[in-house]
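Chemist: Could you have a look at this structure, given as C-alpha cells, before my questions?
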Amino acid sequence: MTAAEVARELEISERTARRDLDALGMAGVPVYSVQGRGGGWRLVGGARTDLSGLTASEARALFLVAGPASAATPAVKAALRKLVHALPEPFRVQAETAASSLVLDPRRWGASRIEPRPPRFLDALQDAVIRGVQVRLGYVDREGAATERTVHPLGIVAKGQSWYLVANTEAGRRSFRIDRVSSADPTGDPVHRPEDFDLAESWRVIADDVDRKRTPLEARAVCAPQAIGILRIGFGGRLEVGGATTDGRIEVVIRGNDEHTLAGELAGLVEWIDVTGPPAVRDHLASIGNMLVERYA
C-alpha cells in the first residue's frame, strides 16, 4: 500500500508515515518501497508476516490441507481464502498453488462414491467444546435404548468415517458416537475441564479399551521372525509381539472376538505360526484343517 494509504489508515500525515516506514525497515522489519506506477510499500518473505506470524513454509502447509478437493469443511476453506489475502505477496502465489496441488480421497478402492454426511449435531457439539459449556445430551445406544444426561464436552474425535464426542459425565469420562445423538442443548453452565486433560491421550485410552472389549479373546502363538510384518498388516493393534524363544521364533498374542472367528483368521497362517493356546482355538483350527483335507485331498 502507498504511504498516503498508510497515513489515512493511521490518521497521521503522509510525511510521518514515510518516516515511520523507513524506521521500520531500518529496525529489521522486512518492508521495502517500490517506485513508479503501482508502487508503494510492501512486506516481503524470508521472515514472518506482520499479522499472521506464518513463515512461507507454514503458509504452504496450511493451504495444502484445504484445497478444493480436500476433506476440509466449507467454513475452513472460506476462512483460508480470506487469510490468503492477508499474506505477503511472495507467500500468496505459493499458498494458492499449494491449495490446488493435493487431492485427498478417503474412499478405499471399490468403495461407494456416496460421501457420508456430517452428523446432525456435530457443529453444535463442537461449538460447545470451544465455548466450554455443558450440554444436555440425548443419546440412543447400539441397543436402541434412549437416555438423557448432562455432559461436560472436552473434545471431538474423527475415527474413520465416524465422529465421537469425548466428555466427562457423572459416571466418568465417556465417548459418544455423534450420529447417535438425538439432541444437544447447551445449558450455559461452564465445563469443568481437568487442567492436565489431553484429548489425544484420552482418546488413545478410550480406543484401547474399546478394542479390548471388542476382541476379548487372546490367542497365544509362536511365529517365524520373517512373518511378523505379515501379522502386523493383518491384525494391526490386535497383535502384541513378545520375546524370542530358544529356537529363534517370536512369541505373539493375537486378540479376537471368539474362538471360531479367530481360528478362521489364523488358519491361513499355518506356514508361519504355531498356536499354543487356548485349546478351543486349537480345536477349531484342527476342525478347519480336517474339512480342508476332506474337501480338497
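As shown in the C-alpha cells, the chain order sets the letters A, B, ...; within each chain, residues go from 1, and ligands are also counted from 1 in the order they appear.
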Write down as a list of chain:residue names the residues belonging to segment 224-254 of chain A that are assigned strand (DSSP E or B) by DSSP computed on the backbone.

Modeler: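 Going through segment 224-254 of chain A, the strand (DSSP E or B) residues come out as A:Leu239, A:Glu240, A:Val241, A:Gly242, A:Gly243, A:Ala244, A:Ile250, A:Glu251, A:Val252, A:Val253, A:Ile254.
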
Chemist: Next, write the just-selected residues to a file, as a tab-separated table (two decimals), in the first residue's frame, keeping all heavy atoms as the atom set.

Modeler:
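Result file follows (again02.tsv):
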chain	number	residue	atom	x	y	z
A	239	LEU	N	-2.36	-57.26	17.61
A	239	LEU	CA	-1.15	-58.07	17.75
A	239	LEU	C	-0.24	-57.48	18.82
A	239	LEU	O	0.03	-56.28	18.84
A	239	LEU	CB	-0.40	-58.12	16.42
A	239	LEU	CG	0.99	-58.75	16.45
A	239	LEU	CD1	0.89	-60.26	16.67
A	239	LEU	CD2	1.74	-58.45	15.15
A	240	GLU	N	0.24	-58.34	19.72
A	240	GLU	CA	1.26	-57.96	20.69
A	240	GLU	C	2.46	-58.88	20.48
A	240	GLU	O	2.32	-60.11	20.51
A	240	GLU	CB	0.73	-58.10	22.12
A	240	GLU	CG	-0.41	-57.15	22.43
A	240	GLU	CD	-0.94	-57.35	23.84
A	240	GLU	OE1	-0.24	-58.02	24.64
A	240	GLU	OE2	-2.04	-56.84	24.15
A	241	VAL	N	3.62	-58.29	20.26
A	241	VAL	CA	4.83	-59.06	19.98
A	241	VAL	C	5.65	-59.18	21.26
A	241	VAL	O	5.94	-58.18	21.93
A	241	VAL	CB	5.66	-58.39	18.87
A	241	VAL	CG1	6.93	-59.18	18.60
A	241	VAL	CG2	4.83	-58.25	17.60
A	242	GLY	N	6.02	-60.41	21.59
A	242	GLY	CA	6.82	-60.66	22.79
A	242	GLY	C	8.27	-60.93	22.47
A	242	GLY	O	8.82	-60.44	21.47
A	243	GLY	N	8.90	-61.77	23.31
A	243	GLY	CA	10.32	-62.08	23.14
A	243	GLY	C	10.55	-63.30	22.28
A	243	GLY	O	9.62	-63.96	21.81
A	244	ALA	N	11.83	-63.60	22.09
A	244	ALA	CA	12.21	-64.74	21.26
A	244	ALA	C	12.27	-66.01	22.10
A	244	ALA	O	12.59	-65.98	23.29
A	244	ALA	CB	13.57	-64.48	20.61
A	250	ILE	N	9.30	-66.10	17.57
A	250	ILE	CA	8.85	-64.95	18.36
A	250	ILE	C	7.50	-65.27	19.00
A	250	ILE	O	6.58	-65.75	18.33
A	250	ILE	CB	8.72	-63.69	17.47
A	250	ILE	CG1	10.01	-63.43	16.69
A	250	ILE	CG2	8.35	-62.49	18.33
A	250	ILE	CD1	11.20	-63.14	17.55
A	251	GLU	N	7.38	-64.99	20.29
A	251	GLU	CA	6.11	-65.17	20.97
A	251	GLU	C	5.18	-64.01	20.62
A	251	GLU	O	5.59	-62.84	20.63
A	251	GLU	CB	6.32	-65.22	22.48
A	251	GLU	CG	7.10	-66.43	22.95
A	251	GLU	CD	7.34	-66.42	24.45
A	251	GLU	OE1	7.36	-65.31	25.03
A	251	GLU	OE2	7.50	-67.51	25.03
A	252	VAL	N	3.92	-64.32	20.30
A	252	VAL	CA	2.95	-63.29	19.97
A	252	VAL	C	1.63	-63.60	20.67
A	252	VAL	O	1.33	-64.75	21.00
A	252	VAL	CB	2.71	-63.17	18.44
A	252	VAL	CG1	3.99	-62.74	17.73
A	252	VAL	CG2	2.19	-64.49	17.87
A	253	VAL	N	0.84	-62.56	20.86
A	253	VAL	CA	-0.54	-62.69	21.35
A	253	VAL	C	-1.43	-61.96	20.34
A	253	VAL	O	-1.15	-60.81	19.98
A	253	VAL	CB	-0.71	-62.07	22.75
A	253	VAL	CG1	-2.19	-62.09	23.17
A	253	VAL	CG2	0.13	-62.83	23.77
A	254	ILE	N	-2.48	-62.62	19.90
A	254	ILE	CA	-3.39	-62.06	18.92
A	254	ILE	C	-4.80	-62.06	19.50
A	254	ILE	O	-5.29	-63.10	19.94
A	254	ILE	CB	-3.36	-62.86	17.60
A	254	ILE	CG1	-1.94	-62.88	17.03
A	254	ILE	CG2	-4.33	-62.26	16.59
A	254	ILE	CD1	-1.74	-63.87	15.91

Chemist: Which residues come within 12 Å of Val275 of chain A, counting only C-alpha atoms, excluding same-chain residues fewer than 5 positions away, as a PyMOL selection string?

Modeler: chain A and resi 218-224+250-254+262-263+265-267+269-270+280-286

Chemist: Mind dumping the selected residues with N, CA and C atoms as a PDB file, in the first residue's frame?

Modeler:
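Result went into out15.pdb, see below:
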ATOM      1  N   GLU A 218      -7.823 -63.860  23.682  1.00  0.00           N
ATOM      2  CA  GLU A 218      -6.402 -63.778  23.353  1.00  0.00           C
ATOM      3  C   GLU A 218      -5.883 -65.161  22.977  1.00  0.00           C
ATOM      4  N   ALA A 219      -5.307 -65.252  21.778  1.00  0.00           N
ATOM      5  CA  ALA A 219      -4.667 -66.488  21.339  1.00  0.00           C
ATOM      6  C   ALA A 219      -3.158 -66.313  21.440  1.00  0.00           C
ATOM      7  N   ARG A 220      -2.481 -67.310  21.988  1.00  0.00           N
ATOM      8  CA  ARG A 220      -1.024 -67.275  22.116  1.00  0.00           C
ATOM      9  C   ARG A 220      -0.415 -68.126  21.007  1.00  0.00           C
ATOM     10  N   ALA A 221       0.711 -67.673  20.476  1.00  0.00           N
ATOM     11  CA  ALA A 221       1.345 -68.411  19.389  1.00  0.00           C
ATOM     12  C   ALA A 221       2.823 -68.073  19.348  1.00  0.00           C
ATOM     13  N   VAL A 222       3.576 -68.887  18.619  1.00  0.00           N
ATOM     14  CA  VAL A 222       4.960 -68.557  18.286  1.00  0.00           C
ATOM     15  C   VAL A 222       5.028 -68.418  16.778  1.00  0.00           C
ATOM     16  N   CYS A 223       5.832 -67.466  16.337  1.00  0.00           N
ATOM     17  CA  CYS A 223       5.806 -67.076  14.925  1.00  0.00           C
ATOM     18  C   CYS A 223       7.227 -67.021  14.364  1.00  0.00           C
ATOM     19  N   ALA A 224       7.378 -67.398  13.099  1.00  0.00           N
ATOM     20  CA  ALA A 224       8.657 -67.241  12.414  1.00  0.00           C
ATOM     21  C   ALA A 224       8.976 -65.748  12.301  1.00  0.00           C
ATOM     22  N   ILE A 250       9.299 -66.104  17.569  1.00  0.00           N
ATOM     23  CA  ILE A 250       8.854 -64.954  18.357  1.00  0.00           C
ATOM     24  C   ILE A 250       7.502 -65.270  18.996  1.00  0.00           C
ATOM     25  N   GLU A 251       7.383 -64.992  20.288  1.00  0.00           N
ATOM     26  CA  GLU A 251       6.110 -65.173  20.969  1.00  0.00           C
ATOM     27  C   GLU A 251       5.178 -64.008  20.624  1.00  0.00           C
ATOM     28  N   VAL A 252       3.919 -64.321  20.304  1.00  0.00           N
ATOM     29  CA  VAL A 252       2.945 -63.285  19.970  1.00  0.00           C
ATOM     30  C   VAL A 252       1.626 -63.603  20.667  1.00  0.00           C
ATOM     31  N   VAL A 253       0.837 -62.562  20.864  1.00  0.00           N
ATOM     32  CA  VAL A 253      -0.539 -62.687  21.350  1.00  0.00           C
ATOM     33  C   VAL A 253      -1.426 -61.962  20.344  1.00  0.00           C
ATOM     34  N   ILE A 254      -2.479 -62.625  19.902  1.00  0.00           N
ATOM     35  CA  ILE A 254      -3.391 -62.058  18.916  1.00  0.00           C
ATOM     36  C   ILE A 254      -4.796 -62.059  19.505  1.00  0.00           C
ATOM     37  N   LEU A 262     -11.529 -66.250  15.270  1.00  0.00           N
ATOM     38  CA  LEU A 262     -10.080 -66.076  15.352  1.00  0.00           C
ATOM     39  C   LEU A 262      -9.357 -67.253  14.703  1.00  0.00           C
ATOM     40  N   ALA A 263      -9.877 -68.473  14.884  1.00  0.00           N
ATOM     41  CA  ALA A 263      -9.264 -69.639  14.227  1.00  0.00           C
ATOM     42  C   ALA A 263      -9.320 -69.487  12.714  1.00  0.00           C
ATOM     43  N   GLU A 265      -9.226 -66.710  11.043  1.00  0.00           N
ATOM     44  CA  GLU A 265      -8.213 -65.729  10.648  1.00  0.00           C
ATOM     45  C   GLU A 265      -6.808 -66.329  10.680  1.00  0.00           C
ATOM     46  N   LEU A 266      -6.569 -67.233  11.627  1.00  0.00           N
ATOM     47  CA  LEU A 266      -5.230 -67.792  11.787  1.00  0.00           C
ATOM     48  C   LEU A 266      -4.950 -68.971  10.868  1.00  0.00           C
ATOM     49  N   ALA A 267      -6.011 -69.594  10.338  1.00  0.00           N
ATOM     50  CA  ALA A 267      -5.837 -70.833   9.571  1.00  0.00           C
ATOM     51  C   ALA A 267      -4.933 -70.650   8.358  1.00  0.00           C
ATOM     52  N   LEU A 269      -2.402 -68.876   8.112  1.00  0.00           N
ATOM     53  CA  LEU A 269      -1.036 -68.525   8.500  1.00  0.00           C
ATOM     54  C   LEU A 269      -0.271 -69.711   9.063  1.00  0.00           C
ATOM     55  N   VAL A 270      -0.793 -70.922   8.832  1.00  0.00           N
ATOM     56  CA  VAL A 270      -0.207 -72.118   9.426  1.00  0.00           C
ATOM     57  C   VAL A 270       1.247 -72.331   9.017  1.00  0.00           C
ATOM     58  N   ALA A 280      -9.447 -74.203  22.829  1.00  0.00           N
ATOM     59  CA  ALA A 280     -10.612 -74.085  21.940  1.00  0.00           C
ATOM     60  C   ALA A 280     -10.207 -73.565  20.561  1.00  0.00           C
ATOM     61  N   VAL A 281      -9.248 -72.643  20.509  1.00  0.00           N
ATOM     62  CA  VAL A 281      -8.793 -72.124  19.218  1.00  0.00           C
ATOM     63  C   VAL A 281      -8.053 -73.219  18.457  1.00  0.00           C
ATOM     64  N   ARG A 282      -7.220 -73.996  19.148  1.00  0.00           N
ATOM     65  CA  ARG A 282      -6.510 -75.103  18.504  1.00  0.00           C
ATOM     66  C   ARG A 282      -7.509 -76.150  17.974  1.00  0.00           C
ATOM     67  N   ASP A 283      -8.563 -76.419  18.738  1.00  0.00           N
ATOM     68  CA  ASP A 283      -9.569 -77.381  18.285  1.00  0.00           C
ATOM     69  C   ASP A 283     -10.267 -76.894  17.015  1.00  0.00           C
ATOM     70  N   HIS A 284     -10.595 -75.604  16.963  1.00  0.00           N
ATOM     71  CA  HIS A 284     -11.228 -75.053  15.769  1.00  0.00           C
ATOM     72  C   HIS A 284     -10.271 -75.107  14.574  1.00  0.00           C
ATOM     73  N   LEU A 285      -8.997 -74.847  14.817  1.00  0.00           N
ATOM     74  CA  LEU A 285      -8.011 -74.935  13.738  1.00  0.00           C
ATOM     75  C   LEU A 285      -7.919 -76.362  13.205  1.00  0.00           C
ATOM     76  N   ALA A 286      -7.921 -77.344  14.105  1.00  0.00           N
ATOM     77  CA  ALA A 286      -7.876 -78.742  13.671  1.00  0.00           C
ATOM     78  C   ALA A 286      -9.111 -79.097  12.859  1.00  0.00           C
TER      79      ALA A 286
END

Chemist: Which is closest to Ala184 of chain A among A:His152, A:Arg204, A:Arg214, A:Arg249, if we use only C-alpha atoms?

Modeler: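 Between A:His152, A:Arg204, A:Arg214, A:Arg249, the residue approaching Ala184 of chain A most closely is A:His152.
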
Chemist: If DSSP is run on the backbone, what residues of segment 56-232 of chain A are helix (DSSP H, G or I)? A reply as a ChimeraX atom specification would be ideal.

Modeler: /A:56-64,74-84,89-99,122-131,178-180,199-214,225-232

Chemist: Could you tell me how far atom CA of Ala61 of chain A sits from atom CA of Thr97 of chain A, in Å to one decimal place?

Modeler: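 Separation of atom CA of Thr97 of chain A and atom CA of Ala61 of chain A: 11.1 Å.
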
Chemist: Please list as a list in words every residue within 10 Å of Val6 of chain A, counting only C-alpha atoms and excluding residues in the same chain fewer than 3 positions away.

Modeler: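 My reading of the contact set: Met1, Thr2, Ala3, Glu9, Leu10, Glu11, Ile12, Ser13, Glu14, Thr16, Ala17, Arg18, Leu21, Gly40 and Trp41 of chain A.
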
Chemist: Please, could you write that set of residues out with N, CA and C atoms as a PDB file, in the first residue's frame?

Modeler:
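Written file, out.pdb:
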ATOM      1  N   MET A   1       0.845  -1.178   0.000  1.00  0.00           N
ATOM      2  CA  MET A   1       0.000   0.000   0.000  1.00  0.00           C
ATOM      3  C   MET A   1       0.888   1.237   0.000  1.00  0.00           C
ATOM      4  N   THR A   2       0.314   2.351  -0.424  1.00  0.00           N
ATOM      5  CA  THR A   2       1.114   3.573  -0.531  1.00  0.00           C
ATOM      6  C   THR A   2       1.231   4.239   0.830  1.00  0.00           C
ATOM      7  N   ALA A   3       2.195   5.177   0.916  1.00  0.00           N
ATOM      8  CA  ALA A   3       2.367   5.926   2.157  1.00  0.00           C
ATOM      9  C   ALA A   3       1.122   6.745   2.463  1.00  0.00           C
ATOM     10  N   GLU A   9      -5.085   5.471   6.963  1.00  0.00           N
ATOM     11  CA  GLU A   9      -5.481   4.395   7.853  1.00  0.00           C
ATOM     12  C   GLU A   9      -5.140   4.717   9.300  1.00  0.00           C
ATOM     13  N   LEU A  10      -3.966   5.306   9.527  1.00  0.00           N
ATOM     14  CA  LEU A  10      -3.484   5.567  10.886  1.00  0.00           C
ATOM     15  C   LEU A  10      -3.782   6.994  11.346  1.00  0.00           C
ATOM     16  N   GLU A  11      -4.406   7.806  10.447  1.00  0.00           N
ATOM     17  CA  GLU A  11      -4.769   9.195  10.775  1.00  0.00           C
ATOM     18  C   GLU A  11      -3.535   9.994  11.187  1.00  0.00           C
ATOM     19  N   ILE A  12      -2.511   9.887  10.344  1.00  0.00           N
ATOM     20  CA  ILE A  12      -1.283  10.666  10.548  1.00  0.00           C
ATOM     21  C   ILE A  12      -0.950  11.347   9.231  1.00  0.00           C
ATOM     22  N   SER A  13       0.092  12.177   9.228  1.00  0.00           N
ATOM     23  CA  SER A  13       0.487  12.839   7.991  1.00  0.00           C
ATOM     24  C   SER A  13       1.264  11.865   7.106  1.00  0.00           C
ATOM     25  N   GLU A  14       1.258  12.126   5.796  1.00  0.00           N
ATOM     26  CA  GLU A  14       1.992  11.269   4.866  1.00  0.00           C
ATOM     27  C   GLU A  14       3.485  11.318   5.159  1.00  0.00           C
ATOM     28  N   THR A  16       4.859  11.677   8.114  1.00  0.00           N
ATOM     29  CA  THR A  16       5.095  10.813   9.270  1.00  0.00           C
ATOM     30  C   THR A  16       5.051   9.345   8.873  1.00  0.00           C
ATOM     31  N   ALA A  17       4.116   9.006   7.973  1.00  0.00           N
ATOM     32  CA  ALA A  17       4.004   7.619   7.520  1.00  0.00           C
ATOM     33  C   ALA A  17       5.289   7.180   6.833  1.00  0.00           C
ATOM     34  N   ARG A  18       5.827   8.008   5.934  1.00  0.00           N
ATOM     35  CA  ARG A  18       7.072   7.657   5.242  1.00  0.00           C
ATOM     36  C   ARG A  18       8.228   7.503   6.242  1.00  0.00           C
ATOM     37  N   LEU A  21       7.759   4.234   8.165  1.00  0.00           N
ATOM     38  CA  LEU A  21       8.043   3.066   7.326  1.00  0.00           C
ATOM     39  C   LEU A  21       9.543   2.895   7.135  1.00  0.00           C
ATOM     40  N   GLY A  40       4.562   1.406  -4.061  1.00  0.00           N
ATOM     41  CA  GLY A  40       4.124   1.567  -2.682  1.00  0.00           C
ATOM     42  C   GLY A  40       5.029   0.794  -1.755  1.00  0.00           C
ATOM     43  N   TRP A  41       4.545   0.530  -0.603  1.00  0.00           N
ATOM     44  CA  TRP A  41       5.302  -0.194   0.410  1.00  0.00           C
ATOM     45  C   TRP A  41       4.795  -1.625   0.501  1.00  0.00           C
TER      46      TRP A  41
END

Chemist: Pick out the closest residue to Arg142 of chain A from this set: A:Glu170, A:Gly248, A:Ser162, A:Arg177. Count only C-alpha atoms.

Modeler: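 Of all the options, A:Arg177 lies closest to Arg142 of chain A.
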
Chemist: Please indicate the distance in Å from atom CA of Glu271 of chain A to atom CA of Gln226 of chain A, rounded to one decimal place.

Modeler: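 If I compute the distance from atom CA of Glu271 of chain A to atom CA of Gln226 of chain A, I get 11.3 Å.
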
Chemist: Can you tell me which residues surround Asn257 of chain A at a distance of at most 10 Å, considering only C-alpha atoms, apart from same-chain residues fewer than 4 positions away, and format the answer as a ChimeraX atom specification?

Modeler: /A:211-218,261-262

Chemist: Go ahead and compute the interatomic distance for atom CA of Arg37 of chain A and atom CA of Leu24 of chain A, in Å to one decimal.

Modeler: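 Calculated distance between atom CA of Arg37 of chain A and atom CA of Leu24 of chain A is 23.1 Å.
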